[in-house]
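Data from entry15.cif: mmCIF, C-alpha atoms
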```cif
data_start
#
loop_
_atom_site.label_atom_id
_atom_site.label_comp_id
_atom_site.auth_asym_id
_atom_site.auth_seq_id
_atom_site.Cartn_x
_atom_site.Cartn_y
_atom_site.Cartn_z
CA MET J 5 0.00 0.00 0.00
CA LEU J 6 2.75 2.41 0.99
CA GLY J 7 4.68 1.48 -2.12
CA VAL J 8 1.69 2.33 -4.30
CA LYS J 9 1.21 5.70 -2.62
CA ILE J 10 4.86 6.64 -2.81
CA ASN J 11 4.89 5.50 -6.39
CA LYS J 12 2.11 7.97 -7.15
CA ALA J 13 4.03 10.77 -5.43
CA ALA J 14 7.20 9.86 -7.28
CA THR J 15 5.30 9.86 -10.53
CA VAL J 16 4.05 13.35 -9.79
CA PHE J 17 7.57 14.54 -9.07
CA CYS J 18 8.72 13.03 -12.34
CA ALA J 19 5.79 14.19 -14.42
CA THR J 20 5.99 17.78 -13.22
CA GLY J 21 9.62 18.07 -14.16
CA ILE J 22 10.56 18.96 -10.59
CA ALA J 23 12.95 16.05 -11.01
CA ILE J 24 13.94 14.79 -14.41
CA VAL J 25 14.22 11.06 -14.93
CA THR J 26 15.24 9.27 -18.05
CA ASN J 27 13.75 5.93 -17.16
CA SER J 28 10.27 5.58 -15.72
CA ALA J 29 11.29 2.26 -14.22
CA THR J 30 13.25 4.20 -11.61
CA CYS J 31 9.94 5.06 -9.98
CA GLU J 32 9.92 1.65 -8.31
CA ILE J 33 10.18 1.95 -4.55
CA PRO J 34 12.44 -0.26 -2.50
CA GLU J 35 10.50 -1.96 0.28
CA VAL J 36 13.16 -1.20 2.87
CA LEU J 37 12.73 2.20 4.45
CA GLU J 38 15.90 4.20 4.36
CA GLY J 39 15.98 7.23 6.57
CA ALA J 40 18.48 9.68 7.92
CA SER J 41 21.47 7.38 7.43
CA HIS J 42 20.76 7.28 3.71
CA MET J 43 20.55 11.06 3.68
CA LYS J 44 23.87 11.31 5.46
CA ASN J 45 25.52 9.05 2.89
CA ARG J 46 24.03 11.04 0.05
CA ILE J 47 25.26 14.31 1.51
CA GLN J 48 28.69 12.78 2.04
CA ARG J 49 28.83 11.70 -1.61
CA CYS J 50 27.81 15.18 -2.75
CA TYR J 51 30.50 16.71 -0.56
CA THR J 52 33.08 14.50 -2.21
CA THR J 53 31.91 15.61 -5.66
CA ALA J 54 32.00 19.25 -4.63
CA ASN J 55 35.43 18.95 -3.07
CA ARG J 56 36.78 17.45 -6.27
CA ALA J 57 35.31 20.31 -8.30
CA ASN J 58 36.71 22.88 -5.88
CA GLN J 59 40.08 21.14 -5.90
CA ARG J 60 40.22 21.46 -9.69
CA VAL J 61 39.60 25.19 -9.39
CA VAL J 62 42.38 25.56 -6.82
CA GLU J 63 44.82 23.55 -8.94
CA SER J 64 44.03 25.47 -12.10
CA ARG J 65 44.59 28.77 -10.33
CA ALA J 66 47.95 27.63 -9.05
CA ILE J 67 49.21 26.26 -12.38
CA ALA J 68 48.24 28.71 -15.07
CA PRO J 69 46.30 31.90 -14.50
CA ARG J 70 45.46 32.27 -18.21
CA ILE J 71 44.08 28.77 -18.44
CA GLN J 72 42.40 29.21 -15.12
CA SER J 73 39.67 31.44 -16.49
CA ARG J 74 38.78 28.83 -19.10
CA GLN J 75 38.90 26.03 -16.54
CA SER J 76 36.74 28.05 -14.21
CA ARG J 77 34.17 28.20 -16.96
CA ASP J 78 34.50 24.45 -17.36
CA VAL J 79 34.02 24.02 -13.68
CA GLU J 80 30.84 26.03 -14.01
CA GLY J 81 29.58 22.98 -15.80
CA ASP J 82 30.07 21.19 -12.50
CA SER J 83 28.31 23.92 -10.59
CA PRO J 84 25.01 22.05 -10.18
CA PRO J 85 26.56 19.48 -7.83
CA VAL J 86 28.39 22.26 -5.99
CA ALA J 87 25.21 24.30 -5.72
CA LEU J 88 23.28 21.19 -4.74
CA VAL J 89 25.70 20.46 -1.93
CA ALA J 90 25.50 24.03 -0.69
CA ASN J 91 21.72 23.88 -0.79
CA ILE J 92 21.56 20.49 0.93
CA ASN J 93 23.94 21.74 3.57
CA GLU J 94 21.88 24.88 4.10
CA HIS J 95 18.66 22.87 4.20
CA VAL J 96 19.90 20.38 6.79
CA LYS J 97 21.29 23.25 8.86
CA PHE J 98 17.94 25.03 8.62
CA ILE J 99 16.03 21.93 9.73
CA HIS J 100 18.44 21.54 12.62
CA GLU J 101 18.03 25.21 13.60
CA VAL J 102 14.25 25.23 13.60
CA SER J 103 14.09 22.01 15.61
CA SER J 104 16.63 22.91 18.29
CA GLY J 105 16.65 24.96 21.44
CA PRO J 106 13.91 26.60 23.46
CA GLN J 107 12.65 28.57 20.45
CA ALA J 108 12.25 25.46 18.29
CA LEU J 109 9.43 25.79 15.77
CA ILE J 110 9.15 22.09 14.96
CA SER J 111 9.83 18.94 16.94
CA ASN J 112 12.90 16.76 16.53
CA ALA J 113 10.64 13.95 15.40
CA MET J 114 9.23 16.11 12.62
CA ALA J 115 12.71 17.20 11.56
CA THR J 116 13.77 13.58 11.22
CA LEU J 117 10.54 12.65 9.47
CA SER J 118 10.86 15.44 6.91
CA LEU J 119 14.40 14.42 5.96
CA ARG J 120 13.33 10.79 5.85
CA VAL J 121 10.39 11.49 3.53
CA TRP J 122 12.50 13.70 1.28
CA SER J 123 15.04 10.91 1.09
CA LYS J 124 12.31 8.34 0.42
CA VAL J 125 10.89 10.31 -2.49
CA GLN J 126 14.39 10.64 -3.93
CA ILE J 127 14.79 6.90 -3.75
CA GLY J 128 11.50 6.59 -5.57
CA ILE J 129 12.62 8.93 -8.31
CA GLY J 130 16.03 7.36 -8.50
CA ARG J 131 18.08 10.53 -8.39
CA PRO J 132 18.57 13.58 -6.16
CA LEU J 133 15.56 15.81 -5.89
CA PRO J 134 16.07 19.57 -5.87
CA VAL J 135 16.35 20.97 -2.38
CA PRO J 136 12.94 22.21 -1.28
CA VAL J 137 12.14 25.64 0.05
CA ALA J 138 11.36 24.91 3.67
CA CYS J 139 9.02 26.93 5.81
CA ALA J 140 8.60 26.18 9.53
CA GLY J 141 5.66 27.27 11.68
CA PRO J 142 3.07 28.10 12.83
CA ASP J 143 1.90 25.40 15.26
CA GLY J 144 4.85 23.13 14.60
CA ARG J 145 4.10 22.73 10.89
CA LEU J 146 6.73 22.29 8.23
CA LEU J 147 6.14 22.96 4.57
CA TYR J 148 8.39 21.83 1.73
CA THR J 149 7.78 23.42 -1.68
CA TRP J 150 9.23 23.00 -5.14
CA ASP J 151 8.54 25.31 -8.05
CA LYS J 152 9.51 24.76 -11.64
CA ALA J 153 7.94 26.76 -14.46
CA GLY J 154 4.22 26.62 -13.70
CA HIS J 155 4.47 23.51 -11.54
CA HIS J 156 4.09 23.83 -7.80
CA LEU J 157 4.54 20.93 -5.45
CA GLU J 158 4.17 20.77 -1.67
CA LEU J 159 4.81 18.30 1.10
CA GLU J 160 3.27 19.46 4.33
CA PHE J 161 4.06 18.01 7.73
CA ILE J 162 1.47 18.79 10.39
CA PRO J 163 1.83 17.51 13.97
CA ASP J 164 -0.44 14.55 14.72
CA SER J 165 -1.78 14.57 11.15
CA PRO J 166 -1.03 12.70 7.96
CA ILE J 167 1.62 14.08 5.63
CA GLU J 168 -0.05 15.98 2.81
CA ILE J 169 1.24 16.07 -0.72
CA TYR J 170 -0.23 18.70 -3.00
CA TYR J 171 0.41 19.61 -6.61
CA ARG J 172 -0.92 22.60 -8.53
CA ASN J 173 -0.38 23.67 -12.08
CA ARG J 174 -0.30 27.42 -11.67
CA THR J 175 -0.98 27.95 -15.35
CA THR J 176 -4.15 25.89 -15.61
CA GLY J 177 -5.18 25.96 -11.95
CA GLU J 178 -5.52 22.17 -11.84
CA SER J 179 -4.56 20.62 -8.54
CA TRP J 180 -4.24 17.28 -6.87
CA GLY J 181 -3.63 16.20 -3.30
CA GLU J 182 -3.23 13.11 -1.19
CA GLU J 183 -2.43 12.18 2.37
CA TYR J 184 0.19 9.82 3.76
CA ASP J 185 0.26 8.08 7.08
CA SER J 186 3.42 9.40 8.75
CA ALA J 187 3.62 6.21 10.82
CA SER J 188 4.52 4.41 7.61
CA PHE J 189 7.74 6.38 7.56
CA GLY J 190 8.66 5.32 11.06
CA ALA J 191 7.32 8.43 12.81
CA MET C 5 11.89 66.10 15.05
CA MET C 6 9.56 63.12 15.46
CA LEU C 7 8.47 61.44 12.26
CA CYS C 8 4.97 60.06 12.34
CA THR C 9 3.30 57.48 10.18
CA MET C 10 1.41 59.01 7.30
CA SER C 11 -2.24 58.02 7.55
CA GLY C 12 -2.77 57.34 3.88
CA ILE C 13 -6.07 55.50 4.07
CA ASN C 14 -8.90 55.99 6.51
CA PRO C 15 -9.55 52.70 8.24
CA GLY C 16 -13.02 51.26 7.74
CA ILE C 17 -15.13 49.37 10.20
CA ASP C 18 -14.30 45.78 11.08
CA GLY C 19 -15.05 43.47 8.18
CA GLU C 20 -15.23 46.23 5.55
CA ARG C 21 -13.35 45.53 2.34
CA LEU C 22 -10.22 47.56 1.63
CA PRO C 23 -10.11 49.83 -1.44
CA VAL C 24 -8.90 48.27 -4.66
CA GLY C 25 -5.24 48.94 -5.33
CA THR C 26 -4.17 49.07 -1.69
CA ARG C 27 -0.82 47.44 -1.01
CA VAL C 28 -0.53 45.30 2.09
CA PHE C 29 2.22 43.34 3.77
CA ARG C 30 2.42 40.45 6.13
CA ILE C 31 5.14 39.72 8.63
CA GLY C 32 5.56 35.97 8.75
CA LYS C 33 5.16 34.12 12.00
CA ILE C 34 7.34 31.56 10.34
CA LYS C 35 10.93 30.88 9.42
CA MET C 36 11.87 30.14 5.82
CA SER C 37 15.06 28.61 4.47
CA ALA C 38 17.55 30.86 2.67
CA LEU C 39 16.79 29.16 -0.64
CA GLY C 40 13.26 30.52 -0.49
CA PHE C 41 14.37 33.95 0.63
CA HIS C 42 16.75 34.30 -2.31
CA SER C 43 14.02 33.29 -4.78
CA GLY C 44 11.96 36.30 -3.74
CA GLN C 45 8.81 34.23 -4.15
CA ALA C 46 6.62 33.90 -1.08
CA SER C 47 6.07 30.42 0.28
CA PRO C 48 2.45 29.35 0.82
CA GLY C 49 3.63 28.84 4.40
CA PHE C 50 3.26 32.60 4.87
CA PHE C 51 -0.47 32.17 4.45
CA THR C 52 -1.06 29.31 6.83
CA LEU C 53 -3.41 30.30 9.61
CA SER C 54 -2.24 29.51 13.11
CA SER C 55 -4.65 27.73 15.46
CA LYS C 56 -5.14 31.14 17.12
CA ASP C 57 -6.12 32.70 13.78
CA GLU C 58 -8.50 29.82 13.09
CA GLU C 59 -10.19 30.25 16.47
CA SER C 60 -10.61 34.02 16.04
CA ALA C 61 -14.03 35.44 15.17
CA GLY C 62 -13.11 36.67 11.69
CA LYS C 63 -10.77 33.74 10.90
CA ARG C 64 -8.55 36.29 9.19
CA LEU C 65 -4.85 36.20 8.56
CA SER C 66 -3.16 39.33 9.91
CA LEU C 67 -1.95 41.94 7.40
CA TRP C 68 -0.87 45.59 7.44
CA VAL C 69 -1.61 48.40 5.02
CA GLU C 70 1.62 49.81 3.59
CA GLU C 71 0.26 53.36 3.57
CA ASN C 72 -0.66 53.28 7.23
CA THR C 73 1.95 51.17 8.96
CA LEU C 74 5.71 50.93 8.89
CA ALA C 75 7.10 47.42 8.96
CA ASP C 76 8.96 48.21 12.18
CA GLU C 77 5.73 49.41 13.81
CA ALA C 78 3.96 46.19 12.83
CA TRP C 79 6.90 44.16 14.12
CA THR C 80 6.74 45.98 17.46
CA ILE C 81 2.98 45.47 17.78
CA MET C 82 3.45 41.78 16.97
CA GLY C 83 5.67 41.42 20.02
CA GLU C 84 9.15 42.11 18.62
CA ILE C 85 9.83 38.43 18.04
CA PRO C 86 13.41 38.18 16.73
CA SER C 87 12.68 35.25 14.41
CA ASN C 88 9.88 37.13 12.61
CA THR C 89 12.18 38.80 10.14
CA MET C 90 10.48 38.21 6.80
CA ALA C 91 7.74 40.25 5.21
CA VAL C 92 5.75 39.60 2.06
CA CYS C 93 3.89 42.22 0.04
CA PHE C 94 0.97 42.05 -2.36
CA GLY C 95 -1.99 44.06 -3.62
CA VAL C 96 -5.39 43.54 -2.03
CA ASP C 97 -7.02 42.72 -5.35
CA VAL C 98 -7.24 39.15 -4.17
CA HIS C 99 -10.90 38.92 -5.20
CA ALA C 100 -9.47 38.48 -8.71
CA ILE C 101 -8.31 35.05 -7.60
CA ILE C 102 -10.89 32.58 -8.85
CA PRO C 103 -11.99 30.48 -5.88
CA PRO C 104 -12.41 26.72 -6.15
CA GLU C 105 -15.93 25.40 -6.61
CA ASP C 106 -18.20 25.98 -3.57
CA PHE C 107 -15.71 28.43 -2.08
CA HIS C 108 -16.06 32.22 -1.67
CA HIS C 109 -13.61 34.79 -2.97
CA LEU C 110 -10.75 35.88 -0.74
CA GLU C 111 -11.20 39.35 0.69
CA VAL C 112 -8.91 41.76 2.54
CA GLN C 113 -10.93 43.40 5.30
CA TRP C 114 -10.26 45.96 7.97
CA GLU C 115 -9.72 44.52 11.41
CA LYS C 116 -8.88 46.40 14.57
CA ALA C 117 -5.54 45.36 15.99
CA MET C 118 -6.01 43.95 19.47
CA ARG C 119 -3.58 43.68 22.32
CA GLU C 120 -3.65 40.91 24.90
CA LEU C 121 -3.13 42.10 28.45
CA GLU C 122 -1.79 40.05 31.30
CA GLY C 123 -4.69 37.90 32.36
CA GLY C 124 -5.81 37.32 28.82
CA SER C 125 -8.23 40.22 28.28
CA LEU C 126 -8.09 42.01 24.93
CA VAL C 127 -7.98 45.76 24.35
CA VAL C 128 -7.79 47.77 21.14
CA GLU C 129 -4.18 48.38 20.13
CA THR C 130 -3.32 52.08 20.09
CA ARG C 131 0.38 52.10 19.35
CA GLU C 132 1.81 53.84 16.29
CA GLY C 133 0.83 52.03 13.09
CA ALA C 134 -2.05 50.05 14.60
CA ILE C 135 -4.54 51.79 12.28
CA GLY C 136 -3.10 49.87 9.33
CA HIS C 137 -4.16 46.47 10.62
CA CYS C 138 -6.38 44.34 8.43
CA GLY C 139 -6.81 40.68 7.61
CA ILE C 140 -7.46 38.36 4.76
CA ALA C 141 -10.69 36.41 5.04
CA GLY C 142 -11.66 33.25 3.22
CA LEU C 143 -8.56 31.13 3.58
CA ILE C 144 -10.40 28.77 5.89
CA GLN C 145 -13.56 27.49 4.31
CA GLY C 146 -15.41 24.22 4.54
CA VAL C 147 -14.59 21.41 6.89
CA ARG C 148 -11.21 19.84 7.06
CA LYS C 149 -11.53 16.90 4.69
CA PRO C 150 -8.96 15.99 2.05
CA ASN C 151 -10.93 17.62 -0.75
CA LYS C 152 -11.60 20.80 1.23
CA SER C 153 -8.00 20.86 2.34
CA ARG C 154 -6.91 20.75 -1.29
CA LYS C 155 -9.18 23.68 -2.12
CA GLN C 156 -7.78 25.63 0.81
CA LYS C 157 -4.32 24.92 -0.52
CA ASP C 158 -5.44 26.17 -3.94
CA LEU C 159 -6.31 29.53 -2.39
CA ARG C 160 -3.15 29.62 -0.30
CA ASP C 161 -0.99 28.90 -3.32
CA SER C 162 -2.80 31.48 -5.46
CA LEU C 163 -2.05 34.05 -2.80
CA ALA C 164 1.59 33.00 -2.53
CA SER C 165 2.03 33.21 -6.28
CA ILE C 166 1.08 36.92 -6.32
CA SER C 167 3.20 37.80 -3.27
CA ARG C 168 6.82 38.80 -3.12
CA ILE C 169 9.25 38.58 -0.24
CA SER C 170 10.66 41.92 0.84
CA PRO C 171 14.44 41.80 0.40
CA VAL C 172 14.83 43.99 3.46
CA PRO C 173 14.33 42.04 6.67
CA VAL C 174 12.28 43.40 9.54
CA PRO C 175 12.87 45.25 11.72
CA HIS C 176 14.45 47.69 9.26
CA ASP C 177 16.03 49.60 12.14
CA ILE C 178 16.74 52.55 9.87
CA PRO C 179 18.47 55.24 11.97
CA SER C 180 16.03 58.07 12.59
CA ASN C 181 18.51 60.73 11.43
CA GLU C 182 18.82 58.97 8.04
CA LEU C 183 15.07 58.70 7.79
CA GLN C 184 14.77 62.40 8.57
CA ALA C 185 17.40 63.30 5.99
CA VAL C 186 15.57 61.38 3.26
CA ALA C 187 12.25 62.86 4.38
CA ALA C 188 13.79 66.35 4.07
CA ILE C 189 14.91 65.60 0.49
CA ILE C 190 11.43 64.31 -0.42
CA ALA C 191 9.84 67.38 1.16
CA GLU C 192 12.10 69.60 -0.91
CA GLN C 193 11.19 67.68 -4.09
CA LEU C 194 7.50 67.97 -3.30
CA GLY C 195 7.85 71.63 -2.35
CA ILE C 196 6.49 71.19 1.18
CA THR C 197 7.99 72.15 4.49
CA ASP C 198 6.35 69.70 6.88
CA THR C 199 8.30 66.44 6.93
CA SER C 200 6.38 64.92 9.82
CA GLN C 201 4.11 62.91 7.51
CA LEU C 202 6.77 61.52 5.23
CA ALA C 203 8.13 58.59 7.20
CA ILE C 204 6.61 55.94 4.94
CA MET C 205 7.78 57.62 1.74
CA ALA C 206 11.27 58.00 3.21
CA THR C 207 11.32 54.37 4.31
CA ARG C 208 10.29 53.27 0.84
CA GLN C 209 13.06 55.34 -0.74
CA ILE C 210 15.63 53.72 1.51
CA ARG C 211 14.22 50.24 0.94
CA ARG C 212 14.28 50.86 -2.82
CA ARG C 213 17.98 51.74 -2.59
CA VAL C 214 18.63 48.57 -0.62
CA ARG C 215 16.78 46.52 -3.24
CA GLU C 216 18.80 48.14 -6.03
CA HIS C 217 21.97 47.43 -4.11
CA TYR C 218 21.10 43.73 -3.77
CA ALA C 219 20.08 43.58 -7.44
CA SER C 220 23.42 45.07 -8.51
CA LEU C 221 25.22 42.37 -6.53
CA THR C 222 23.40 39.56 -8.32
CA THR C 223 23.35 41.05 -11.85
CA PRO C 224 26.35 39.90 -13.91
#
```

Translate this file's structure into structure tokens.
Amino acid sequence: MLGVKINKAATVFCATGIAIVTNSATCEIPEVLEGASHMKNRIQRCYTTANRANQRVVESRAIAPRIQSRQSRDVEGDSPPVALVANINEHVKFIHEVSSGPQALISNAMATLSLRVWSKVQIGIGRPLPVPVACAGPDGRLLYTWDKAGHHLELEFIPDSPIEIYYRNRTTGESWGEEYDSASFGA
Amino acid sequence: MMLCTMSGINPGIDGERLPVGTRVFRIGKIKMSALGFHSGQASPGFFTLSSKDEESAGKRLSLWVEENTLADEAWTIMGEIPSNTMAVCFGVDVHAIIPPEDFHHLEVQWEKAMRELEGGSLVVETREGAIGHCGIAGLIQGVRKPNKSRKQKDLRDSLASISRISPVPVPHDIPSNELQAVAAIIAEQLGITDTSQLAIMATRQIRRRVREHYASLTTP
């Protein structure tokens, strides 16, 4: 049941172009739930990619300043992973910030759940999903949004409520929504 | 010299619709990630009613009229909460948003700002800028079922899509002497001598400069 639901969500992510996939078969969902540890590994891999890209920039600067400008342009081709890492880093930091300390806006459990669900959808799609815009509060809510062209996608986490996925085509006004049982994600 | 807020629009009675063309802003009771802030596009999260908003008589989401209230005044009235640093702006012509089937149009209505005293009783807020308080009605309609929830999200997203995040965080904390200097320049341009009513225009001028500065940093 969960697999079917996630599959639908993954299909929406794919169909809207929020994430581009080349093979629809990648929408299959592994039965094993992977949570924060998977996320950590993914971030670690992205860091490695970014470090390599940065290292190339440093080396090129040291060796030949004239070539450096061209290589820097080449490295711009690698900028998506670098930008992705920066965005993932910022996102995880943000989630940590809003779930820590006496002024926390969301609970630790919700922070973990949100990262877990994000990770789960990425597994479903089969490749990294763009980092969402995250919005915390009021009443302990957390909203993830993705926008691409006219496509708008939301994942909303509400305390003691199911997770809500919502899609709207801002051009046509068509929308779709569904709820998930957060307990299925180990909440 | 004390600069006062310019009372651009006469407040109506509670529930009365604001004039077409009025610009309003909302200070978020939320925190948004930097990625969203840099996009300049408001998140629908700005338009999520808190449980307190939902329980209120008018079920309105709190807004402020740009002509009547400075962002810093609104921030002060809202309790000077350090994390409430983001503001979004939009025009009140929200009735142009086509509501989902069986739903009413959104409407920006006047609403007296209230202040909660110790003990829980409410009194009318009288601090500077309070006259600009209003609220958006119609975001909560129907009962909370999946289909109704989706329609509520339709409205929330429509609102977000016409709203922009102010690039200048609140509180602006613009030094009063700088505000006065800009007000004096505006007064000279307008050929008037009284600068006491020019605080909002001066603030806008300064904010515009800040926006231009940020734009110049990001433009190649």

>> Suppose a student applies the PyMOL selection byres ((chain J) within 7 of (chain C)) to this structure; what residues should they get, written as a PyMOL selection string?
In response: chain J and resi 95+98+137-143+147+181

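Remark: for C:Ile204, the closest of the candidate residues C:Ile17, C:Leu159, C:Ile31, C:Ala75 is C:Ala75 (distances computed over all atoms listed in the file).
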
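Here the PyMOL selection byres ((chain C and resi 100) around 12) matches the residues Val24, Gly25, Gly95, Val96, Asp97, Val98, His99, Ile101, Ile102, Pro103, His108, His109, Leu110, Glu111, Val112, Leu159, Ser162, Leu163 and Ile166 of chain C.
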
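For the choices J:Thr149, J:Thr116, J:Ser188, J:Gln107, the atom-to-atom distance to J:Pro134 is smallest for J:Thr149 when using only C-alpha atoms.
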
(Q) When you look at C:Ala203 with a cut-off of 12 Å (counting only C-alpha atoms), what residues show up, excluding the ones that are within fewer than 4 positions of it in the same chain? I need them as a PyMOL selection string. (A) chain C and resi 5-12+70-77+133+178-191+198-199+207-210

Can you spell out as a VMD selection string the set of residues that the PyMOL selection byres ((chain C and resi 116-122) around 10) selects in the structure I just provided?
chain C and resid 15 to 19 66 to 68 81 to 83 113 to 115 123 to 131 133 to 139

Students should find that atom CA of C:Glu58 and atom CA of C:Ile13 are spaced 27.3 Å

Expressed in Å, the length from atom CA of J:Tyr184 to atom CA of J:Ile162 is 11.2 Å

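The space between atom CA of J:Glu160 and atom CA of J:Asp185 spans 12.1 Å.
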
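With distances restricted to only C-alpha atoms, J:Tyr171 is the closest residue to J:Lys152 from J:Ile92, J:Tyr171, J:Ile99, J:Lys124.
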
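In this comparison, which uses only C-alpha atoms, the residue of J:Gln126, J:Asn91, J:Ser118, J:Ser179 approaching J:Leu146 most closely is J:Ser118.
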